[in-house]
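I have placed the structure first, in the form of structure tokens, so that the comments after it can refer back to it.
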Amino acid sequence: MLLIFSKYHVVQVWARYAILFVGALAVLNNIYELLNPLIFSGLNDTGRPAGFYVDPNRSGCALVLSMIFSTEILPQKYRPYLISFIGLGILLTFSRGAILGWILVTLIFIKKRVISKHQIVYWLIAVGVLVVGLGFLSSEFVNINQLPYGIRERLEWFENPTGSEHSADSRMDILIAGWQLFLQSPLWGNGIASTIEWSFGISTHNMYLFYMTDHGFLGILILPLLVYAVTRNSRGESQYIALAFATFIILWGIFSHTVIEDRFILLSFALMATLSVTSQQEEKYRLGHNV
């Protein structure tokens, strides 16, 4: 944490190398857990690989953040390999929000020329064909009944997204209950932690609804304003990092109500803030030097 809060560029670069290492380790953990589902069975009861993050959705989120902060420190020719490797780790979590976040961040990287279109487009097409093909052929080559329940459930959902799925159905019930609670006091809210100890045993799965039930309709602005606060000073090369970070965090708020509780996400906010400030200082120095 002391390294991340440093104002020195070289220290921030080493912090990002640390994130690169942790991201690679997280992918390897997910691969290992897929091959040995019982390794974290006492902690992870979802049946989907999650590694040290225990929860597969948190694992997918952490991997997207690692890609955002570590891709640029590699030479350009190696960046598609990192993005592919991280994408594999995210795919193994079967986290829909993380998979969507990975796609959006990859598109931003292409748009901002962090990676070349020619480097990644063909790979994306190949992966798309592979995923679709596996979706059709999985029942022939894999005995789906031997897979953990969480993986079987997500595979069935990917084959038929319009079908019923326990996780999605339960989240919808919670969202409806949260919305009804918000409507009881839409102006002032129901007070802090109003959805923490209700009858469902788990909160809203949505950061915006979480704050709206607590603080009223203005609560929807809390997360976007926090993101804006840490990205608004970004200049130069940090701008594309800020764009990818802001896009993903805003998206992730739809899938999770623990955005500002998870320590790895809070550390990413701290790193984003220091990168923004440092980039602003570097721009002022360049302008003053040119004058």
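FYI, nothing fancy with the structure tokens labels: chains A, B, ... in order, residues from 1 per chain, ligands from 1 as they appear.
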For stretch 254-262 of chain A: contacts at 8 Å, only C-alpha atoms, fewer than 5 positions along chain excluded, given as a ChimeraX atom specification: /A:97,203-208,210,249
Would you write out those residues with N, CA, C and O atoms, as a compact mmCIF listing (two decimals), in the first residue's frame?
# COMPACT_ATOMS: atom_id res chain seq x y z
N GLY A 97 -20.39 -10.85 -15.58
CA GLY A 97 -19.97 -9.46 -15.49
C GLY A 97 -18.51 -9.28 -15.83
O GLY A 97 -18.13 -8.33 -16.53
N SER A 203 -27.01 -8.84 0.31
CA SER A 203 -27.48 -7.54 -0.16
C SER A 203 -27.87 -7.59 -1.64
O SER A 203 -28.01 -8.66 -2.23
N THR A 204 -27.97 -6.43 -2.27
CA THR A 204 -28.66 -6.26 -3.54
C THR A 204 -27.97 -6.81 -4.78
O THR A 204 -28.58 -6.88 -5.85
N HIS A 205 -26.68 -7.15 -4.70
CA HIS A 205 -25.90 -7.52 -5.89
C HIS A 205 -25.79 -6.37 -6.88
O HIS A 205 -25.47 -6.60 -8.05
N ASN A 206 -26.07 -5.18 -6.45
CA ASN A 206 -26.03 -4.01 -7.32
C ASN A 206 -25.65 -2.80 -6.48
O ASN A 206 -26.36 -2.43 -5.55
N MET A 207 -24.51 -2.18 -6.81
CA MET A 207 -23.99 -1.07 -6.01
C MET A 207 -24.91 0.14 -6.05
O MET A 207 -25.07 0.84 -5.05
N TYR A 208 -25.52 0.38 -7.18
CA TYR A 208 -26.38 1.56 -7.32
C TYR A 208 -27.66 1.41 -6.49
O TYR A 208 -28.05 2.33 -5.77
N PHE A 210 -27.96 -0.57 -3.98
CA PHE A 210 -27.49 -0.62 -2.59
C PHE A 210 -27.48 0.78 -1.98
O PHE A 210 -28.00 1.02 -0.89
N ILE A 249 -15.45 -0.19 -13.74
CA ILE A 249 -16.01 -0.02 -12.40
C ILE A 249 -17.49 0.37 -12.46
O ILE A 249 -18.32 -0.14 -11.69
Quick one: everything within 12 Å of A:Ile176, counting only C-alpha atoms, minus sequence neighbours fewer than 3 positions away in the same chain. Send it as a VMD selection string. chain A and resid 169 to 173 179 to 183 200 203 to 206 209 213
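Counting only C-alpha atoms, A:Ile250 has the following residues at most 9 Å away, ignoring those fewer than 5 positions along the same chain: Leu223, Pro224, Val227 and Phe245 of chain A.
The space between atom CA of A:Arg16 and atom CA of A:Ser268 spans 10.2 Å.
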Excluding same-chain residues fewer than 3 positions from stretch 107-109 of chain A, what lies within 12 Å of it counting only C-alpha atoms, as an mmCIF file with C-alpha atoms, in the first residue's frame?
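Result written to out_8.cif:
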data_model
loop_
_atom_site.group_PDB
_atom_site.id
_atom_site.type_symbol
_atom_site.label_atom_id
_atom_site.label_comp_id
_atom_site.auth_asym_id
_atom_site.auth_seq_id
_atom_site.Cartn_x
_atom_site.Cartn_y
_atom_site.Cartn_z
ATOM 1 C CA MET A 67 -5.250 -6.332 -17.178
ATOM 2 C CA ILE A 68 -6.149 -2.633 -17.029
ATOM 3 C CA PHE A 69 -3.086 -1.672 -14.993
ATOM 4 C CA THR A 71 -0.970 -4.327 -20.086
ATOM 5 C CA GLU A 72 0.809 -1.091 -20.990
ATOM 6 C CA GLN A 76 3.307 -4.053 -27.538
ATOM 7 C CA ARG A 79 0.253 -7.420 -24.921
ATOM 8 C CA PRO A 80 -2.200 -9.650 -26.859
ATOM 9 C CA ILE A 83 -4.868 -10.139 -22.623
ATOM 10 C CA LEU A 100 -18.367 -8.554 -20.334
ATOM 11 C CA GLY A 101 -15.856 -6.262 -18.591
ATOM 12 C CA TRP A 102 -12.935 -8.037 -20.293
ATOM 13 C CA ILE A 103 -14.580 -7.553 -23.692
ATOM 14 C CA LEU A 104 -15.210 -3.843 -23.083
ATOM 15 C CA LYS A 112 -6.831 3.673 -28.005
ATOM 16 C CA ARG A 113 -4.207 1.655 -29.911
ATOM 17 C CA VAL A 114 -2.771 0.094 -26.778
ATOM 18 C CA ILE A 115 -2.913 -3.070 -28.838
ATOM 19 C CA SER A 116 -3.072 -3.314 -32.609
ATOM 20 C CA LYS A 117 -6.286 -4.372 -34.294
ATOM 21 C CA GLN A 119 -2.861 -8.373 -33.241
ATOM 22 C CA ILE A 120 -6.131 -9.069 -31.480
ATOM 23 C CA VAL A 121 -9.009 -9.198 -33.963
ATOM 24 C CA LEU A 124 -10.972 -12.716 -30.870
ATOM 25 C CA GLU A 237 -0.968 7.783 -21.446
ATOM 26 C CA GLN A 239 -6.074 8.653 -19.941
ATOM 27 C CA TYR A 240 -6.763 5.305 -21.573
ATOM 28 C CA ILE A 241 -6.145 3.558 -18.234
ATOM 29 C CA ALA A 242 -8.619 5.961 -16.621
ATOM 30 C CA LEU A 243 -11.168 5.313 -19.383
ATOM 31 C CA ALA A 244 -10.856 1.531 -19.059
ATOM 32 C CA PHE A 245 -10.939 1.721 -15.248
ATOM 33 C CA ALA A 246 -13.991 4.020 -15.186
ATOM 34 C CA THR A 247 -15.875 1.923 -17.748
ATOM 35 C CA PHE A 248 -15.256 -1.308 -15.905
#
Counting only C-alpha atoms, figure out which residue out of A:Gly219, A:Gly191, A:Gly253, A:Gly89 gets nearest to A:Val64. A:Gly89
Could you tell me how far atom CA of A:Asn57 sits from atom CA of A:Ile19, in Å to one decimal place?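 Calculated distance between atom CA of A:Ile19 and atom CA of A:Asn57 is 18.0 Å.
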Using only C-alpha atoms for the distances, tell me which of A:Gly23, A:Tyr53, A:Lys284, A:Thr231 is nearest to A:Arg263.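 Among the listed residues, A:Tyr53 lies closest to A:Arg263.
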Test item: residues at most 10 Å from A:Ala18, only C-alpha atoms, excluding those fewer than 6 positions along its chain, as an MDAnalysis selection string: chainID A and resid 12 24 66 70
Please identify all polymer residues within 9 Å of A:Gln280, counting only C-alpha atoms, omitting same-chain residues fewer than 2 positions from it, and present them as a list in words. Asn233, Ser234, Arg235, Gly236, Leu275, Ser276, Val277, Thr278, Glu282, Glu283, Lys284 and Tyr285 of chain A
Those residues with N, CA, C and O atoms, as a PDB file, in the first residue's frame please?
ATOM      1  N   ASN A 233      -8.137  13.837 -13.327  1.00  0.00           N
ATOM      2  CA  ASN A 233      -6.864  14.518 -13.568  1.00  0.00           C
ATOM      3  C   ASN A 233      -5.940  13.754 -14.511  1.00  0.00           C
ATOM      4  O   ASN A 233      -4.791  14.152 -14.711  1.00  0.00           O
ATOM      5  N   SER A 234      -6.421  12.671 -15.086  1.00  0.00           N
ATOM      6  CA  SER A 234      -5.561  11.847 -15.940  1.00  0.00           C
ATOM      7  C   SER A 234      -5.149  12.605 -17.188  1.00  0.00           C
ATOM      8  O   SER A 234      -5.959  13.287 -17.820  1.00  0.00           O
ATOM      9  N   ARG A 235      -3.899  12.469 -17.528  1.00  0.00           N
ATOM     10  CA  ARG A 235      -3.349  13.107 -18.713  1.00  0.00           C
ATOM     11  C   ARG A 235      -2.477  12.098 -19.457  1.00  0.00           C
ATOM     12  O   ARG A 235      -2.011  11.110 -18.892  1.00  0.00           O
ATOM     13  N   GLY A 236      -2.224  12.381 -20.715  1.00  0.00           N
ATOM     14  CA  GLY A 236      -1.292  11.559 -21.489  1.00  0.00           C
ATOM     15  C   GLY A 236      -1.696  10.104 -21.550  1.00  0.00           C
ATOM     16  O   GLY A 236      -2.860   9.760 -21.774  1.00  0.00           O
ATOM     17  N   LEU A 275      -1.787   7.563 -10.282  1.00  0.00           N
ATOM     18  CA  LEU A 275      -1.417   7.654 -11.697  1.00  0.00           C
ATOM     19  C   LEU A 275      -1.961   8.940 -12.318  1.00  0.00           C
ATOM     20  O   LEU A 275      -1.280   9.591 -13.119  1.00  0.00           O
ATOM     21  N   SER A 276      -3.184   9.300 -11.936  1.00  0.00           N
ATOM     22  CA  SER A 276      -3.785  10.523 -12.474  1.00  0.00           C
ATOM     23  C   SER A 276      -3.009  11.756 -12.035  1.00  0.00           C
ATOM     24  O   SER A 276      -2.696  12.638 -12.845  1.00  0.00           O
ATOM     25  N   VAL A 277      -2.689  11.830 -10.747  1.00  0.00           N
ATOM     26  CA  VAL A 277      -1.956  12.989 -10.229  1.00  0.00           C
ATOM     27  C   VAL A 277      -0.569  13.069 -10.842  1.00  0.00           C
ATOM     28  O   VAL A 277      -0.101  14.140 -11.249  1.00  0.00           O
ATOM     29  N   THR A 278       0.121  11.932 -10.920  1.00  0.00           N
ATOM     30  CA  THR A 278       1.466  11.918 -11.494  1.00  0.00           C
ATOM     31  C   THR A 278       1.444  12.334 -12.963  1.00  0.00           C
ATOM     32  O   THR A 278       2.314  13.086 -13.414  1.00  0.00           O
ATOM     33  N   GLU A 282       3.419  15.480 -14.601  1.00  0.00           N
ATOM     34  CA  GLU A 282       4.339  15.305 -15.727  1.00  0.00           C
ATOM     35  C   GLU A 282       3.959  16.213 -16.886  1.00  0.00           C
ATOM     36  O   GLU A 282       4.834  16.772 -17.561  1.00  0.00           O
ATOM     37  N   GLU A 283       2.660  16.380 -17.126  1.00  0.00           N
ATOM     38  CA  GLU A 283       2.229  17.264 -18.203  1.00  0.00           C
ATOM     39  C   GLU A 283       2.598  18.711 -17.889  1.00  0.00           C
ATOM     40  O   GLU A 283       3.073  19.452 -18.770  1.00  0.00           O
ATOM     41  N   LYS A 284       2.413  19.145 -16.662  1.00  0.00           N
ATOM     42  CA  LYS A 284       2.797  20.508 -16.275  1.00  0.00           C
ATOM     43  C   LYS A 284       4.296  20.716 -16.447  1.00  0.00           C
ATOM     44  O   LYS A 284       4.742  21.777 -16.888  1.00  0.00           O
ATOM     45  N   TYR A 285       5.074  19.693 -16.100  1.00  0.00           N
ATOM     46  CA  TYR A 285       6.535  19.797 -16.241  1.00  0.00           C
ATOM     47  C   TYR A 285       6.918  19.922 -17.705  1.00  0.00           C
ATOM     48  O   TYR A 285       7.774  20.754 -18.078  1.00  0.00           O
TER      49      TYR A 285
END
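Between atom CA of A:Ile174 and atom CA of A:Asp45 the separation is 20.2 Å.
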Using only C-alpha atoms, which of the listed residues (A:Leu175, A:Ile192, A:Met272, A:Leu82) sits closest to A:Thr106? A:Leu82
